[in-house]
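Below: one structure, written as structure tokens.
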Amino acid sequence: MKVLDLKDRRYWNLMISIGLPIALQNLIFNGLNMVDNILIGGLGEANIAAVGIANKLSFLFNLFLFGANSGANIFSAQFWGKKDLAGVRRVLGLSLLIGMTVAVPFTLVGFLIPERFIGLFSDDPEVIAQGASYLRIAALSFPISAITSSYGMQSRGVGRTKIPLLSSASALTFNSIFTYLLIYGKLGLPQMGVAGAALATLLARALECGLLVGMIYRNKFELAARFSEFSGYTGVFLKRFAKSVAPVITNEVLWSIGVTGYTYFYGRLGTEAVATVQIMDLVNGLFFSLFAGIANACGSIIGNKIGAGEDDTARVYAKRSVVVVMALGAVTGILMVFVTPLFLGLFNISETTRALCAAAVLVYAAFNIPRGTNAVMVVGVCRGGGDTLFAMAIDVLAPWLIGLPMAYLGVEVFGFPVYIVIAMIQLEEVVKSIFGIIRLLSNKWLHNLVRDLPKEEDAAAAAGGS
């Protein structure tokens, strides 16, 4: 089996069946998120900046959830490749426990002291007031998101990618409609401004959770577990789970704190700079949806293959996925440059902000290939292969040792415009991708974490025999 054999139908069938629903889910999320921001942008640049900063807490929380569930998904995928459903359900139980435990403090911060959080990134009184009114309501959705994230991510491990897609699409469509109605007070609803957008988000998260969990249990899919099936962990399993998942959680937390630090430096450049980054992150998110689909599909496929004992196939698929994402990175980078002016016409922004965005898109496009490569290497190859310590090392050290120092130099020392600062920060992606490719070619990333863990029925039989 050759890496560059792009006519391998089995590979593409797996990539499309798993990756396409994930890519579509991310595309829908980012697309409707852009619609929300366009609606919020009708209230002015201060509101764009306020919601962008408020969502940094959601960003931190969601990345923590992603870390916990992405780490757990390593085991789900490998257990599923081993045909051990009981193991999959135990992993689901642990991910739910971790998610709910983390949701509580994040909710308390957002609900009780939102002004302090917003004030970390802006000294504009209007931005702080509007951001706090948004965050106080949006934070109540965190426990709901913890449940949704656990069931959604572990569904990917067993190949059920269409269910999270359907529930997310329905909820996000609901969210966009009610964001408009509640912001501007249409159809007899109160005019709530940015607080209306937050309420729409809360209601949409509840709808998404209900649809996802409801479909799983109604159809008795693989994750339709009873509470009793969430327990029964052996000491060996818990130790191995903690050893593999802890680096992923640590990875996401430290990485998210690091990149959130960029917002502090952008804030030092003014509200227009913050609005520029917020808008460009939305545009970039649309194109990055494809990379997210490939990365998550790659992780599930590699995990399944390793669990099934097909290590050689896993190695080939890993390298092929990186080649594919590099090619797509070049194509989507060019498309980004051409379509961004169309998106900018939808925002109520100043000419200064529009000019900054026009320059910033060139920077995002230039670094598209290393960003896509890193997504597949970290989320797909390393985590799918159980190489979580290495993934943590490159993903955490890059922003802390390269990105943040570059941000400091660009803002505090040289006083560069925001698009130059973005370019300096993006150097971290280049360095990270170089180390990632070296790791990929070494084949040291592949680890079977479930090979010697007995299935529940095998363990029971062994206990009975003794």
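We name chains A, B, ... following the order of the structure tokens; residues begin at 1 in each chain, and ligands are numbered from 1 as shown.
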task: Can you list, as number ranges by chain, all residues belonging to segment 97-324 of chain A that DSSP tags as alpha helix (DSSP H)?
output: A: 97-112, 114-119, 125-138, 142-157, 162-184, 194-218, 235-268, 271-307, 311-324
message: I'd like the neighbourhood of Val158 of chain A as JSON, numbers by chain, where a residue qualifies if any of its atoms comes within 8 Å (using only C-alpha atoms), though same-chain residues fewer than 2 positions away should be ignored.
response: {"A": [76, 77, 80, 154, 155, 156, 160, 222]}
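Here atom CA of Ser70 of chain A is placed at a distance of 24.4 Å from atom CA of Asn219 of chain A.
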- prompt: Mind pulling up the distance from atom CA of Val322 of chain A to atom CA of Arg9 of chain A?
  reply: 17.3 Å
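Proximity to Tyr180 of chain A was assessed for A:Asn296, A:Asn26, A:Thr201, A:Thr234 counting only C-alpha atoms; the smallest distance is recorded for A:Thr201.
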Contact check, segment 368-405 of chain A to segment 238-246 of chain A, at most 10 Å, counting only C-alpha atoms, closest pairs as JSON lines:
```
{"residue": "A:Arg383", "atom": "CA", "partner": "A:Ser244", "partner_atom": "CA", "distance": 8.9}
{"residue": "A:Gly386", "atom": "CA", "partner": "A:Ser244", "partner_atom": "CA", "distance": 6.8}
{"residue": "A:Asp387", "atom": "CA", "partner": "A:Ser244", "partner_atom": "CA", "distance": 7.9}
{"residue": "A:Thr388", "atom": "CA", "partner": "A:Ser244", "partner_atom": "CA", "distance": 6.1}
{"residue": "A:Leu389", "atom": "CA", "partner": "A:Ser244", "partner_atom": "CA", "distance": 7.7}
{"residue": "A:Met392", "atom": "CA", "partner": "A:Ala246", "partner_atom": "CA", "distance": 9.7}
```
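What separates atom CA of Thr332 of chain A from atom CA of Met15 of chain A is a distance of 18.5 Å.
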field: Within 8 Å of Arg136 of chain A using only C-alpha atoms, minus same-chain residues under 6 positions, as a PyMOL selection string
entry: chain A and resi 110-112+114
Expected file: the selected residues, C-alpha atoms, as a PDB file, in the first residue's frame:
```pdb
ATOM      1  CA  GLY A 110     -19.294  33.712  33.427  1.00  0.00           C
ATOM      2  CA  PHE A 111     -22.431  34.205  35.496  1.00  0.00           C
ATOM      3  CA  LEU A 112     -21.040  35.859  38.629  1.00  0.00           C
ATOM      4  CA  PRO A 114     -18.420  38.561  33.704  1.00  0.00           C
TER       5      PRO A 114
END
```
- request: Tell me, as a ChimeraX atom specification, which residues lie within 12 Å of Glu351 of chain A, counting only C-alpha atoms; anything in the same chain fewer than 5 positions away does not count.
  value: /A:45,272,276,344-345,356-358
- request: Compile the contact shell of Phe59 of chain A as JSON, numbers by chain: residues with an atom at most 12 Å away, counting only C-alpha atoms, same-chain residues fewer than 3 positions apart removed.
  value: {"A": [51, 52, 53, 54, 55, 56, 62, 63, 64, 65, 66, 67, 106, 135, 138, 139, 142, 252, 253, 255, 256, 257, 259, 260, 263]}
task: Write out as a PyMOL selection string which residues come within 10 Å of segment 89-94 of chain A when counting only C-alpha atoms, dropping same-chain ones fewer than 6 positions away.
output: chain A and resi 68-69+71-76+79+150-151+153-155+222-233+237-238+241
- request: Between A:Phe117, A:Gly193, A:Ile38, A:Gly152, single out the one closest to Tyr134 of chain A, counting only C-alpha atoms.
  value: A:Gly193
All residues 7 Å or closer to Gly384 of chain A, only C-alpha atoms, same chain fewer than 2 positions away omitted, as a PyMOL selection string: chain A and resi 74+299-300+302-303+380-382+386
Go ahead and write the residues just picked, N, CA, C and O atoms, as a tab-separated table (two decimals), in the first residue's frame.
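Contents of result-v5.tsv, as written:
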```tsv
chain	number	residue	atom	x	y	z
A	74	ILE	N	-9.75	8.66	21.68
A	74	ILE	CA	-8.65	7.75	21.34
A	74	ILE	C	-9.04	6.34	21.76
A	74	ILE	O	-8.90	5.37	21.00
A	299	GLY	N	-8.22	10.81	12.86
A	299	GLY	CA	-8.06	10.26	14.21
A	299	GLY	C	-8.92	9.04	14.44
A	299	GLY	O	-8.45	8.03	15.01
A	300	SER	N	-10.18	9.08	13.99
A	300	SER	CA	-11.07	7.94	14.17
A	300	SER	C	-10.61	6.75	13.35
A	300	SER	O	-10.59	5.60	13.82
A	302	ILE	N	-7.57	6.08	12.11
A	302	ILE	CA	-6.31	5.54	12.62
A	302	ILE	C	-6.54	4.77	13.91
A	302	ILE	O	-5.99	3.68	14.12
A	303	GLY	N	-7.38	5.31	14.79
A	303	GLY	CA	-7.68	4.61	16.04
A	303	GLY	C	-8.34	3.27	15.79
A	303	GLY	O	-8.00	2.26	16.42
A	380	GLY	N	-5.47	14.35	14.47
A	380	GLY	CA	-5.65	13.10	13.74
A	380	GLY	C	-4.59	12.07	14.03
A	380	GLY	O	-4.84	11.03	14.65
A	381	VAL	N	-3.35	12.34	13.63
A	381	VAL	CA	-2.28	11.35	13.70
A	381	VAL	C	-1.85	11.06	15.13
A	381	VAL	O	-1.88	9.92	15.60
A	382	CYS	N	-1.42	12.10	15.84
A	382	CYS	CA	-0.86	11.87	17.18
A	382	CYS	C	-1.92	11.38	18.17
A	382	CYS	O	-1.69	10.41	18.90
A	386	GLY	N	-2.44	7.65	19.81
A	386	GLY	CA	-2.12	7.58	21.24
A	386	GLY	C	-0.84	8.30	21.61
A	386	GLY	O	-0.34	8.15	22.73
```
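Proximity of A:Glu310, A:Met215, A:Gly267, A:Ile349 to Asn47 of chain A, computed with only C-alpha atoms, is greatest for A:Ile349.
Proximity to Val337 of chain A was assessed for A:Val361, A:Leu20, A:Ile118, A:Ile177 counting only C-alpha atoms; the smallest distance is recorded for A:Val361.
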